[in-house]
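Peer 1: Next comes data_38.cif, mmCIF, N, CA, C and O atoms:
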```cif
data_run
loop_
_atom_site.group_PDB
_atom_site.id
_atom_site.type_symbol
_atom_site.label_atom_id
_atom_site.label_comp_id
_atom_site.auth_asym_id
_atom_site.auth_seq_id
_atom_site.Cartn_x
_atom_site.Cartn_y
_atom_site.Cartn_z
ATOM 1 N N MET S 29 16.378 14.185 20.821
ATOM 2 C CA MET S 29 15.097 13.696 20.333
ATOM 3 C C MET S 29 15.091 12.164 20.342
ATOM 4 O O MET S 29 16.093 11.540 20.003
ATOM 5 N N TYR S 30 13.977 11.594 20.697
ATOM 6 C CA TYR S 30 13.871 10.142 20.725
ATOM 7 C C TYR S 30 13.524 9.603 19.334
ATOM 8 O O TYR S 30 13.050 10.347 18.473
ATOM 9 N N LYS S 31 13.760 8.328 19.138
ATOM 10 C CA LYS S 31 13.434 7.699 17.855
ATOM 11 C C LYS S 31 11.944 7.382 17.796
ATOM 12 O O LYS S 31 11.350 7.001 18.808
ATOM 13 N N ILE S 32 11.365 7.509 16.604
ATOM 14 C CA ILE S 32 9.953 7.188 16.404
ATOM 15 C C ILE S 32 9.866 5.721 16.006
ATOM 16 O O ILE S 32 10.641 5.256 15.160
ATOM 17 N N LYS S 33 8.932 5.005 16.594
ATOM 18 C CA LYS S 33 8.749 3.604 16.219
ATOM 19 C C LYS S 33 8.039 3.508 14.882
ATOM 20 O O LYS S 33 7.065 4.214 14.633
ATOM 21 N N THR S 34 8.534 2.611 14.027
ATOM 22 C CA THR S 34 7.910 2.345 12.737
ATOM 23 C C THR S 34 6.761 1.369 12.941
ATOM 24 O O THR S 34 6.877 0.410 13.698
ATOM 25 N N HIS S 35 5.653 1.608 12.270
ATOM 26 C CA HIS S 35 4.491 0.727 12.344
ATOM 27 C C HIS S 35 4.798 -0.557 11.576
ATOM 28 O O HIS S 35 5.085 -0.521 10.379
ATOM 29 N N SER S 36 4.753 -1.706 12.270
ATOM 30 C CA SER S 36 5.175 -2.974 11.674
ATOM 31 C C SER S 36 4.310 -3.385 10.490
ATOM 32 O O SER S 36 4.807 -3.926 9.506
ATOM 33 N N GLY S 37 2.998 -3.141 10.576
ATOM 34 C CA GLY S 37 2.114 -3.494 9.477
ATOM 35 C C GLY S 37 2.341 -2.622 8.265
ATOM 36 O O GLY S 37 2.307 -3.091 7.125
ATOM 37 N N ALA S 38 2.610 -1.350 8.498
ATOM 38 C CA ALA S 38 2.796 -0.399 7.395
ATOM 39 C C ALA S 38 4.096 -0.654 6.652
ATOM 40 O O ALA S 38 4.148 -0.527 5.427
ATOM 41 N N LYS S 39 5.147 -1.029 7.361
ATOM 42 C CA LYS S 39 6.430 -1.226 6.686
ATOM 43 C C LYS S 39 6.402 -2.433 5.745
ATOM 44 O O LYS S 39 7.160 -2.481 4.788
ATOM 45 N N LYS S 40 5.496 -3.387 6.001
ATOM 46 C CA LYS S 40 5.356 -4.542 5.126
ATOM 47 C C LYS S 40 4.480 -4.235 3.908
ATOM 48 O O LYS S 40 4.583 -4.898 2.883
ATOM 49 N N ARG S 41 3.607 -3.248 4.022
ATOM 50 C CA ARG S 41 2.603 -3.002 2.994
ATOM 51 C C ARG S 41 2.947 -1.890 2.014
ATOM 52 O O ARG S 41 2.393 -1.851 0.925
ATOM 53 N N PHE S 42 3.839 -0.985 2.391
ATOM 54 C CA PHE S 42 4.119 0.174 1.546
ATOM 55 C C PHE S 42 5.584 0.229 1.157
ATOM 56 O O PHE S 42 6.455 -0.129 1.945
ATOM 57 N N LYS S 43 5.829 0.714 -0.081
ATOM 58 C CA LYS S 43 7.185 0.950 -0.558
ATOM 59 C C LYS S 43 7.262 2.373 -1.047
ATOM 60 O O LYS S 43 6.269 2.943 -1.489
ATOM 61 N N VAL S 44 8.447 2.962 -0.997
ATOM 62 C CA VAL S 44 8.640 4.340 -1.421
ATOM 63 C C VAL S 44 9.538 4.355 -2.654
ATOM 64 O O VAL S 44 10.577 3.683 -2.693
ATOM 65 N N THR S 45 9.128 5.130 -3.674
ATOM 66 C CA THR S 45 9.915 5.251 -4.886
ATOM 67 C C THR S 45 11.045 6.254 -4.671
ATOM 68 O O THR S 45 11.104 6.927 -3.647
ATOM 69 N N GLY S 46 11.907 6.371 -5.663
ATOM 70 C CA GLY S 46 13.005 7.331 -5.578
ATOM 71 C C GLY S 46 12.530 8.760 -5.527
ATOM 72 O O GLY S 46 13.165 9.620 -4.909
ATOM 73 N N SER S 47 11.406 9.036 -6.174
ATOM 74 C CA SER S 47 10.872 10.401 -6.183
ATOM 75 C C SER S 47 10.034 10.710 -4.948
ATOM 76 O O SER S 47 9.571 11.834 -4.797
ATOM 77 N N GLY S 48 9.815 9.702 -4.070
ATOM 78 C CA GLY S 48 9.102 9.937 -2.824
ATOM 79 C C GLY S 48 7.643 9.534 -2.827
ATOM 80 O O GLY S 48 6.946 9.747 -1.847
ATOM 81 N N LYS S 49 7.161 8.949 -3.935
ATOM 82 C CA LYS S 49 5.774 8.483 -3.968
ATOM 83 C C LYS S 49 5.670 7.170 -3.200
ATOM 84 O O LYS S 49 6.608 6.388 -3.161
ATOM 85 N N ILE S 50 4.509 6.928 -2.603
ATOM 86 C CA ILE S 50 4.280 5.714 -1.819
ATOM 87 C C ILE S 50 3.451 4.751 -2.656
ATOM 88 O O ILE S 50 2.426 5.128 -3.215
ATOM 89 N N LEU S 51 3.908 3.506 -2.736
ATOM 90 C CA LEU S 51 3.226 2.482 -3.519
ATOM 91 C C LEU S 51 2.480 1.532 -2.593
ATOM 92 O O LEU S 51 2.910 1.267 -1.475
ATOM 93 N N ARG S 52 1.366 1.015 -3.102
ATOM 94 C CA ARG S 52 0.548 0.083 -2.337
ATOM 95 C C ARG S 52 -0.006 -0.982 -3.277
ATOM 96 O O ARG S 52 -0.009 -0.818 -4.484
ATOM 97 N N ALA S 53 -0.525 -2.062 -2.691
ATOM 98 C CA ALA S 53 -1.187 -3.109 -3.461
ATOM 99 C C ALA S 53 -2.690 -2.857 -3.444
ATOM 100 O O ALA S 53 -3.194 -2.113 -2.600
ATOM 101 N N HIS S 54 -3.394 -3.471 -4.371
ATOM 102 C CA HIS S 54 -4.852 -3.363 -4.402
ATOM 103 C C HIS S 54 -5.475 -4.349 -3.410
ATOM 104 O O HIS S 54 -4.904 -5.406 -3.134
ATOM 105 N N ALA S 55 -6.647 -4.008 -2.922
ATOM 106 C CA ALA S 55 -7.401 -4.898 -2.041
ATOM 107 C C ALA S 55 -8.260 -5.851 -2.881
ATOM 108 O O ALA S 55 -8.300 -5.735 -4.106
ATOM 109 N N ASN S 56 -8.949 -6.777 -2.230
ATOM 110 C CA ASN S 56 -9.905 -7.708 -2.854
ATOM 111 C C ASN S 56 -9.240 -8.723 -3.778
ATOM 112 O O ASN S 56 -9.840 -9.144 -4.747
ATOM 113 N N LYS S 57 -8.021 -9.152 -3.472
ATOM 114 C CA LYS S 57 -7.328 -10.112 -4.322
ATOM 115 C C LYS S 57 -7.020 -11.410 -3.593
ATOM 116 O O LYS S 57 -6.366 -12.289 -4.134
ATOM 117 N N SER S 58 -7.499 -11.576 -2.350
ATOM 118 C CA SER S 58 -7.064 -12.725 -1.565
ATOM 119 C C SER S 58 -8.003 -13.929 -1.632
ATOM 120 O O SER S 58 -7.547 -15.057 -1.661
ATOM 121 N N HIS S 59 -9.310 -13.725 -1.672
ATOM 122 C CA HIS S 59 -10.232 -14.862 -1.712
ATOM 123 C C HIS S 59 -11.527 -14.450 -2.395
ATOM 124 O O HIS S 59 -11.705 -13.291 -2.767
ATOM 125 N N ILE S 60 -12.414 -15.427 -2.573
ATOM 126 C CA ILE S 60 -13.668 -15.265 -3.339
ATOM 127 C C ILE S 60 -13.342 -14.714 -4.735
ATOM 128 O O ILE S 60 -13.852 -13.679 -5.166
ATOM 129 N N LEU S 61 -12.474 -15.441 -5.429
ATOM 130 C CA LEU S 61 -12.017 -14.977 -6.742
ATOM 131 C C LEU S 61 -12.845 -15.549 -7.890
ATOM 132 O O LEU S 61 -12.689 -15.129 -9.031
ATOM 133 N N ASN S 62 -13.743 -16.507 -7.607
ATOM 134 C CA ASN S 62 -14.530 -17.137 -8.673
ATOM 135 C C ASN S 62 -15.461 -16.152 -9.358
ATOM 136 O O ASN S 62 -15.603 -16.171 -10.577
ATOM 137 N N LYS S 63 -16.087 -15.297 -8.578
ATOM 138 C CA LYS S 63 -17.076 -14.387 -9.149
ATOM 139 C C LYS S 63 -16.458 -13.143 -9.782
ATOM 140 O O LYS S 63 -17.162 -12.383 -10.420
ATOM 141 N N LYS S 64 -15.168 -12.947 -9.613
ATOM 142 C CA LYS S 64 -14.498 -11.789 -10.201
ATOM 143 C C LYS S 64 -13.987 -12.144 -11.593
ATOM 144 O O LYS S 64 -13.489 -13.245 -11.822
ATOM 145 N N THR S 65 -14.115 -11.214 -12.504
ATOM 146 C CA THR S 65 -13.711 -11.469 -13.887
ATOM 147 C C THR S 65 -12.186 -11.512 -14.007
ATOM 148 O O THR S 65 -11.473 -10.996 -13.144
ATOM 149 N N ARG S 66 -11.702 -12.090 -15.109
ATOM 150 C CA ARG S 66 -10.264 -12.148 -15.354
ATOM 151 C C ARG S 66 -9.665 -10.753 -15.430
ATOM 152 O O ARG S 66 -8.586 -10.488 -14.914
ATOM 153 N N LYS S 67 -10.381 -9.887 -16.108
ATOM 154 C CA LYS S 67 -9.902 -8.514 -16.274
ATOM 155 C C LYS S 67 -9.745 -7.821 -14.923
ATOM 156 O O LYS S 67 -8.748 -7.129 -14.659
ATOM 157 N N ARG S 68 -10.729 -8.014 -14.047
ATOM 158 C CA ARG S 68 -10.693 -7.383 -12.728
ATOM 159 C C ARG S 68 -9.530 -7.915 -11.901
ATOM 160 O O ARG S 68 -8.781 -7.145 -11.272
ATOM 161 N N LYS S 69 -9.327 -9.236 -11.921
ATOM 162 C CA LYS S 69 -8.237 -9.840 -11.161
ATOM 163 C C LYS S 69 -6.878 -9.413 -11.713
ATOM 164 O O LYS S 69 -5.936 -9.175 -10.959
ATOM 165 N N ARG S 70 -6.787 -9.301 -13.017
ATOM 166 C CA ARG S 70 -5.546 -8.865 -13.664
ATOM 167 C C ARG S 70 -5.201 -7.431 -13.273
ATOM 168 O O ARG S 70 -4.053 -7.103 -12.981
ATOM 169 N N ASN S 71 -6.215 -6.568 -13.227
ATOM 170 C CA ASN S 71 -5.985 -5.176 -12.852
ATOM 171 C C ASN S 71 -5.642 -5.030 -11.367
ATOM 172 O O ASN S 71 -4.933 -4.094 -10.987
ATOM 173 N N LEU S 72 -6.142 -5.950 -10.534
ATOM 174 C CA LEU S 72 -5.830 -5.904 -9.111
ATOM 175 C C LEU S 72 -4.381 -6.292 -8.818
ATOM 176 O O LEU S 72 -3.858 -5.976 -7.755
ATOM 177 N N ARG S 73 -3.729 -6.980 -9.775
ATOM 178 C CA ARG S 73 -2.342 -7.378 -9.590
ATOM 179 C C ARG S 73 -1.379 -6.200 -9.603
ATOM 180 O O ARG S 73 -0.320 -6.254 -8.998
ATOM 181 N N SER S 74 -1.745 -5.152 -10.319
ATOM 182 C CA SER S 74 -0.825 -4.038 -10.510
ATOM 183 C C SER S 74 -0.653 -3.237 -9.217
ATOM 184 O O SER S 74 -1.490 -3.270 -8.323
ATOM 185 N N ILE S 75 0.436 -2.501 -9.159
ATOM 186 C CA ILE S 75 0.744 -1.667 -7.996
ATOM 187 C C ILE S 75 0.145 -0.289 -8.216
ATOM 188 O O ILE S 75 0.178 0.247 -9.311
ATOM 189 N N ALA S 76 -0.415 0.285 -7.154
ATOM 190 C CA ALA S 76 -1.041 1.603 -7.238
ATOM 191 C C ALA S 76 -0.251 2.597 -6.398
ATOM 192 O O ALA S 76 0.455 2.220 -5.459
ATOM 193 N N VAL S 77 -0.379 3.861 -6.746
ATOM 194 C CA VAL S 77 0.238 4.937 -5.968
ATOM 195 C C VAL S 77 -0.776 5.403 -4.932
ATOM 196 O O VAL S 77 -1.961 5.555 -5.224
ATOM 197 N N VAL S 78 -0.309 5.627 -3.713
ATOM 198 C CA VAL S 78 -1.182 6.091 -2.636
ATOM 199 C C VAL S 78 -1.655 7.512 -2.949
ATOM 200 O O VAL S 78 -0.877 8.337 -3.423
ATOM 201 N N ASP S 79 -2.921 7.779 -2.685
ATOM 202 C CA ASP S 79 -3.486 9.106 -2.923
ATOM 203 C C ASP S 79 -2.851 10.125 -1.990
ATOM 204 O O ASP S 79 -2.477 9.796 -0.864
ATOM 205 N N LYS S 80 -2.746 11.369 -2.468
ATOM 206 C CA LYS S 80 -2.067 12.399 -1.672
ATOM 207 C C LYS S 80 -2.809 12.710 -0.372
ATOM 208 O O LYS S 80 -2.198 13.182 0.595
ATOM 209 N N THR S 81 -4.118 12.421 -0.317
ATOM 210 C CA THR S 81 -4.881 12.665 0.907
ATOM 211 C C THR S 81 -4.482 11.702 2.026
ATOM 212 O O THR S 81 -4.650 12.020 3.200
ATOM 213 N N ASN S 82 -3.959 10.526 1.676
ATOM 214 C CA ASN S 82 -3.538 9.535 2.677
ATOM 215 C C ASN S 82 -2.027 9.492 2.878
ATOM 216 O O ASN S 82 -1.547 8.829 3.793
ATOM 217 N N ALA S 83 -1.284 10.186 2.034
ATOM 218 C CA ALA S 83 0.175 10.080 2.063
ATOM 219 C C ALA S 83 0.772 10.570 3.377
ATOM 220 O O ALA S 83 1.702 9.955 3.907
ATOM 221 N N MET S 84 0.239 11.660 3.929
ATOM 222 C CA MET S 84 0.785 12.199 5.175
ATOM 223 C C MET S 84 0.636 11.216 6.331
ATOM 224 O O MET S 84 1.537 11.072 7.164
ATOM 225 N N GLN S 85 -0.503 10.513 6.386
ATOM 226 C CA GLN S 85 -0.727 9.525 7.443
ATOM 227 C C GLN S 85 0.291 8.397 7.345
ATOM 228 O O GLN S 85 0.862 7.959 8.343
ATOM 229 N N ILE S 86 0.539 7.933 6.122
ATOM 230 C CA ILE S 86 1.458 6.811 5.927
ATOM 231 C C ILE S 86 2.894 7.244 6.204
ATOM 232 O O ILE S 86 3.687 6.478 6.737
ATOM 233 N N GLU S 87 3.234 8.464 5.848
ATOM 234 C CA GLU S 87 4.577 8.974 6.127
ATOM 235 C C GLU S 87 4.869 8.985 7.627
ATOM 236 O O GLU S 87 6.001 8.742 8.043
ATOM 237 N N SER S 88 3.852 9.246 8.444
ATOM 238 C CA SER S 88 4.061 9.237 9.892
ATOM 239 C C SER S 88 4.220 7.809 10.426
ATOM 240 O O SER S 88 4.839 7.599 11.472
ATOM 241 N N LEU S 89 3.670 6.816 9.706
ATOM 242 C CA LEU S 89 3.793 5.422 10.132
ATOM 243 C C LEU S 89 5.152 4.820 9.757
ATOM 244 O O LEU S 89 5.653 3.947 10.447
ATOM 245 N N ILE S 90 5.726 5.282 8.632
ATOM 246 C CA ILE S 90 7.022 4.755 8.176
ATOM 247 C C ILE S 90 8.002 5.912 7.990
ATOM 248 O O ILE S 90 8.391 6.224 6.865
ATOM 249 N N PRO S 91 8.419 6.555 9.066
ATOM 250 C CA PRO S 91 9.232 7.764 8.937
ATOM 251 C C PRO S 91 10.629 7.526 8.368
ATOM 252 O O PRO S 91 11.199 8.419 7.756
ATOM 253 N N TYR S 92 11.202 6.346 8.536
ATOM 254 C CA TYR S 92 12.590 6.126 8.120
ATOM 255 C C TYR S 92 12.734 5.538 6.725
ATOM 256 O O TYR S 92 13.833 5.224 6.299
ATOM 257 N N LYS S 93 11.638 5.400 6.008
ATOM 258 C CA LYS S 93 11.709 4.940 4.622
ATOM 259 C C LYS S 93 11.913 6.094 3.651
ATOM 260 O O LYS S 93 12.043 5.885 2.465
ATOM 261 N N PHE S 94 11.906 7.327 4.161
ATOM 262 C CA PHE S 94 12.038 8.496 3.288
ATOM 263 C C PHE S 94 13.438 9.074 3.364
ATOM 264 O O PHE S 94 14.117 9.013 4.309
#
```
When written as structure tokens, how does the structure in this file appear?
Peer 2:
Amino acid sequence: MYKIKTHSGAKKRFKVTGSGKILRAHANKSHILNKKTRKRKRNLRSIAVVDKTNAMQIESLIPYKF
């Protein structure tokens, strides 16, 4: 069997926990921050778990992180 190439963008954006969950960052945190409230920006800092509907797609992009 040949090796599967890892998606370069995905390997920088996602991390896998010990239990196998995939972690991601929130969007909308890079610019135009003046109009966003402190609370909203603070909540965007936290790490989120990828939804199970998207997990299979991401697993195929980063096969060797599992």
Peer 1: Please write the residues picked by the PyMOL selection byres ((chain S and resi 76-85) around 8) on this file as a list in words.
Peer 2: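 What the PyMOL selection byres ((chain S and resi 76-85) around 8) grabs from the file is Arg41, Lys43, Gly48, Lys49, Ile50, Leu51, Arg52, Ala53, His54, Asn71, Leu72, Arg73, Ser74, Ile75, Ile86, Glu87, Ser88, Leu89, Ile90 and Pro91 of chain S.
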Peer 1: Quick one: which residues end up in the PyMOL selection byres ((chain S and resi 57) around 8) for this structure, as a ChimeraX atom specification?
Peer 2: /S:54-56,58-61,68-69,72-73
Peer 1: Could you turn the residues from that selection into a file that holds N, CA, C and O atoms, as a JSON list (two decimals), in the coordinates of the input?
Peer 2:
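Result file follows (again_27.json):
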```json
[["chain", "number", "residue", "atom", "x", "y", "z"],
["S", 54, "HIS", "N", -3.39, -3.47, -4.37],
["S", 54, "HIS", "CA", -4.85, -3.36, -4.40],
["S", 54, "HIS", "C", -5.48, -4.35, -3.41],
["S", 54, "HIS", "O", -4.90, -5.41, -3.13],
["S", 55, "ALA", "N", -6.65, -4.01, -2.92],
["S", 55, "ALA", "CA", -7.40, -4.90, -2.04],
["S", 55, "ALA", "C", -8.26, -5.85, -2.88],
["S", 55, "ALA", "O", -8.30, -5.74, -4.11],
["S", 56, "ASN", "N", -8.95, -6.78, -2.23],
["S", 56, "ASN", "CA", -9.90, -7.71, -2.85],
["S", 56, "ASN", "C", -9.24, -8.72, -3.78],
["S", 56, "ASN", "O", -9.84, -9.14, -4.75],
["S", 58, "SER", "N", -7.50, -11.58, -2.35],
["S", 58, "SER", "CA", -7.06, -12.72, -1.56],
["S", 58, "SER", "C", -8.00, -13.93, -1.63],
["S", 58, "SER", "O", -7.55, -15.06, -1.66],
["S", 59, "HIS", "N", -9.31, -13.72, -1.67],
["S", 59, "HIS", "CA", -10.23, -14.86, -1.71],
["S", 59, "HIS", "C", -11.53, -14.45, -2.40],
["S", 59, "HIS", "O", -11.70, -13.29, -2.77],
["S", 60, "ILE", "N", -12.41, -15.43, -2.57],
["S", 60, "ILE", "CA", -13.67, -15.26, -3.34],
["S", 60, "ILE", "C", -13.34, -14.71, -4.74],
["S", 60, "ILE", "O", -13.85, -13.68, -5.17],
["S", 61, "LEU", "N", -12.47, -15.44, -5.43],
["S", 61, "LEU", "CA", -12.02, -14.98, -6.74],
["S", 61, "LEU", "C", -12.84, -15.55, -7.89],
["S", 61, "LEU", "O", -12.69, -15.13, -9.03],
["S", 68, "ARG", "N", -10.73, -8.01, -14.05],
["S", 68, "ARG", "CA", -10.69, -7.38, -12.73],
["S", 68, "ARG", "C", -9.53, -7.92, -11.90],
["S", 68, "ARG", "O", -8.78, -7.14, -11.27],
["S", 69, "LYS", "N", -9.33, -9.24, -11.92],
["S", 69, "LYS", "CA", -8.24, -9.84, -11.16],
["S", 69, "LYS", "C", -6.88, -9.41, -11.71],
["S", 69, "LYS", "O", -5.94, -9.18, -10.96],
["S", 72, "LEU", "N", -6.14, -5.95, -10.53],
["S", 72, "LEU", "CA", -5.83, -5.90, -9.11],
["S", 72, "LEU", "C", -4.38, -6.29, -8.82],
["S", 72, "LEU", "O", -3.86, -5.98, -7.76],
["S", 73, "ARG", "N", -3.73, -6.98, -9.78],
["S", 73, "ARG", "CA", -2.34, -7.38, -9.59],
["S", 73, "ARG", "C", -1.38, -6.20, -9.60],
["S", 73, "ARG", "O", -0.32, -6.25, -9.00]]
```
Peer 1: In Å, rounded to a single decimal, give me how far atom CA of S:His35 is from atom CA of S:Tyr92.
Peer 2: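 These two atoms are separated by 10.6 Å.
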Peer 1: Can you tell me how far atom CA of S:Val44 sits from atom N of S:Phe94, in Å to one decimal?
Peer 2: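 These atoms are spaced 7.1 Å apart.
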Peer 1: Quick one: distance from atom N of S:Gly37 to atom C of S:Lys93 in Å, one decimal?
Peer 2: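 A separation of 14.6 Å between them.
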Peer 1: Using DSSP on the backbone coordinates, identify the residues of chain S assigned to helix (DSSP H, G or I); present them as number ranges by chain.
Peer 2: S: 36-41, 66-73, 80-89, 91-93
Peer 1: I need the chosen residues saved as a JSON list (two decimals), keeping the file's coordinate frame, with N, CA, C and O atoms.
Peer 2:
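Final file, result.json:
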```json
[["chain", "number", "residue", "atom", "x", "y", "z"],
["S", 36, "SER", "N", 4.75, -1.71, 12.27],
["S", 36, "SER", "CA", 5.18, -2.97, 11.67],
["S", 36, "SER", "C", 4.31, -3.38, 10.49],
["S", 36, "SER", "O", 4.81, -3.93, 9.51],
["S", 37, "GLY", "N", 3.00, -3.14, 10.58],
["S", 37, "GLY", "CA", 2.11, -3.49, 9.48],
["S", 37, "GLY", "C", 2.34, -2.62, 8.26],
["S", 37, "GLY", "O", 2.31, -3.09, 7.12],
["S", 38, "ALA", "N", 2.61, -1.35, 8.50],
["S", 38, "ALA", "CA", 2.80, -0.40, 7.40],
["S", 38, "ALA", "C", 4.10, -0.65, 6.65],
["S", 38, "ALA", "O", 4.15, -0.53, 5.43],
["S", 39, "LYS", "N", 5.15, -1.03, 7.36],
["S", 39, "LYS", "CA", 6.43, -1.23, 6.69],
["S", 39, "LYS", "C", 6.40, -2.43, 5.74],
["S", 39, "LYS", "O", 7.16, -2.48, 4.79],
["S", 40, "LYS", "N", 5.50, -3.39, 6.00],
["S", 40, "LYS", "CA", 5.36, -4.54, 5.13],
["S", 40, "LYS", "C", 4.48, -4.24, 3.91],
["S", 40, "LYS", "O", 4.58, -4.90, 2.88],
["S", 41, "ARG", "N", 3.61, -3.25, 4.02],
["S", 41, "ARG", "CA", 2.60, -3.00, 2.99],
["S", 41, "ARG", "C", 2.95, -1.89, 2.01],
["S", 41, "ARG", "O", 2.39, -1.85, 0.92],
["S", 66, "ARG", "N", -11.70, -12.09, -15.11],
["S", 66, "ARG", "CA", -10.26, -12.15, -15.35],
["S", 66, "ARG", "C", -9.66, -10.75, -15.43],
["S", 66, "ARG", "O", -8.59, -10.49, -14.91],
["S", 67, "LYS", "N", -10.38, -9.89, -16.11],
["S", 67, "LYS", "CA", -9.90, -8.51, -16.27],
["S", 67, "LYS", "C", -9.74, -7.82, -14.92],
["S", 67, "LYS", "O", -8.75, -7.13, -14.66],
["S", 68, "ARG", "N", -10.73, -8.01, -14.05],
["S", 68, "ARG", "CA", -10.69, -7.38, -12.73],
["S", 68, "ARG", "C", -9.53, -7.92, -11.90],
["S", 68, "ARG", "O", -8.78, -7.14, -11.27],
["S", 69, "LYS", "N", -9.33, -9.24, -11.92],
["S", 69, "LYS", "CA", -8.24, -9.84, -11.16],
["S", 69, "LYS", "C", -6.88, -9.41, -11.71],
["S", 69, "LYS", "O", -5.94, -9.18, -10.96],
["S", 70, "ARG", "N", -6.79, -9.30, -13.02],
["S", 70, "ARG", "CA", -5.55, -8.86, -13.66],
["S", 70, "ARG", "C", -5.20, -7.43, -13.27],
["S", 70, "ARG", "O", -4.05, -7.10, -12.98],
["S", 71, "ASN", "N", -6.22, -6.57, -13.23],
["S", 71, "ASN", "CA", -5.98, -5.18, -12.85],
["S", 71, "ASN", "C", -5.64, -5.03, -11.37],
["S", 71, "ASN", "O", -4.93, -4.09, -10.99],
["S", 72, "LEU", "N", -6.14, -5.95, -10.53],
["S", 72, "LEU", "CA", -5.83, -5.90, -9.11],
["S", 72, "LEU", "C", -4.38, -6.29, -8.82],
["S", 72, "LEU", "O", -3.86, -5.98, -7.76],
["S", 73, "ARG", "N", -3.73, -6.98, -9.78],
["S", 73, "ARG", "CA", -2.34, -7.38, -9.59],
["S", 73, "ARG", "C", -1.38, -6.20, -9.60],
["S", 73, "ARG", "O", -0.32, -6.25, -9.00],
["S", 80, "LYS", "N", -2.75, 11.37, -2.47],
["S", 80, "LYS", "CA", -2.07, 12.40, -1.67],
["S", 80, "LYS", "C", -2.81, 12.71, -0.37],
["S", 80, "LYS", "O", -2.20, 13.18, 0.60],
["S", 81, "THR", "N", -4.12, 12.42, -0.32],
["S", 81, "THR", "CA", -4.88, 12.66, 0.91],
["S", 81, "THR", "C", -4.48, 11.70, 2.03],
["S", 81, "THR", "O", -4.65, 12.02, 3.20],
["S", 82, "ASN", "N", -3.96, 10.53, 1.68],
["S", 82, "ASN", "CA", -3.54, 9.54, 2.68],
["S", 82, "ASN", "C", -2.03, 9.49, 2.88],
["S", 82, "ASN", "O", -1.55, 8.83, 3.79],
["S", 83, "ALA", "N", -1.28, 10.19, 2.03],
["S", 83, "ALA", "CA", 0.18, 10.08, 2.06],
["S", 83, "ALA", "C", 0.77, 10.57, 3.38],
["S", 83, "ALA", "O", 1.70, 9.96, 3.91],
["S", 84, "MET", "N", 0.24, 11.66, 3.93],
["S", 84, "MET", "CA", 0.78, 12.20, 5.18],
["S", 84, "MET", "C", 0.64, 11.22, 6.33],
["S", 84, "MET", "O", 1.54, 11.07, 7.16],
["S", 85, "GLN", "N", -0.50, 10.51, 6.39],
["S", 85, "GLN", "CA", -0.73, 9.52, 7.44],
["S", 85, "GLN", "C", 0.29, 8.40, 7.34],
["S", 85, "GLN", "O", 0.86, 7.96, 8.34],
["S", 86, "ILE", "N", 0.54, 7.93, 6.12],
["S", 86, "ILE", "CA", 1.46, 6.81, 5.93],
["S", 86, "ILE", "C", 2.89, 7.24, 6.20],
["S", 86, "ILE", "O", 3.69, 6.48, 6.74],
["S", 87, "GLU", "N", 3.23, 8.46, 5.85],
["S", 87, "GLU", "CA", 4.58, 8.97, 6.13],
["S", 87, "GLU", "C", 4.87, 8.98, 7.63],
["S", 87, "GLU", "O", 6.00, 8.74, 8.04],
["S", 88, "SER", "N", 3.85, 9.25, 8.44],
["S", 88, "SER", "CA", 4.06, 9.24, 9.89],
["S", 88, "SER", "C", 4.22, 7.81, 10.43],
["S", 88, "SER", "O", 4.84, 7.60, 11.47],
["S", 89, "LEU", "N", 3.67, 6.82, 9.71],
["S", 89, "LEU", "CA", 3.79, 5.42, 10.13],
["S", 89, "LEU", "C", 5.15, 4.82, 9.76],
["S", 89, "LEU", "O", 5.65, 3.95, 10.45],
["S", 91, "PRO", "N", 8.42, 6.56, 9.07],
["S", 91, "PRO", "CA", 9.23, 7.76, 8.94],
["S", 91, "PRO", "C", 10.63, 7.53, 8.37],
["S", 91, "PRO", "O", 11.20, 8.42, 7.76],
["S", 92, "TYR", "N", 11.20, 6.35, 8.54],
["S", 92, "TYR", "CA", 12.59, 6.13, 8.12],
["S", 92, "TYR", "C", 12.73, 5.54, 6.72],
["S", 92, "TYR", "O", 13.83, 5.22, 6.30],
["S", 93, "LYS", "N", 11.64, 5.40, 6.01],
["S", 93, "LYS", "CA", 11.71, 4.94, 4.62],
["S", 93, "LYS", "C", 11.91, 6.09, 3.65],
["S", 93, "LYS", "O", 12.04, 5.88, 2.46]]
```
Peer 1: Which residues in chain S does DSSP call strand (DSSP E or B)? List them as a list in words.
Peer 2: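 Going through chain S, the strand (DSSP E or B) residues come out as Lys43, Val44, Ile50, Leu51, Arg52, Ala76 and Val77 of chain S.
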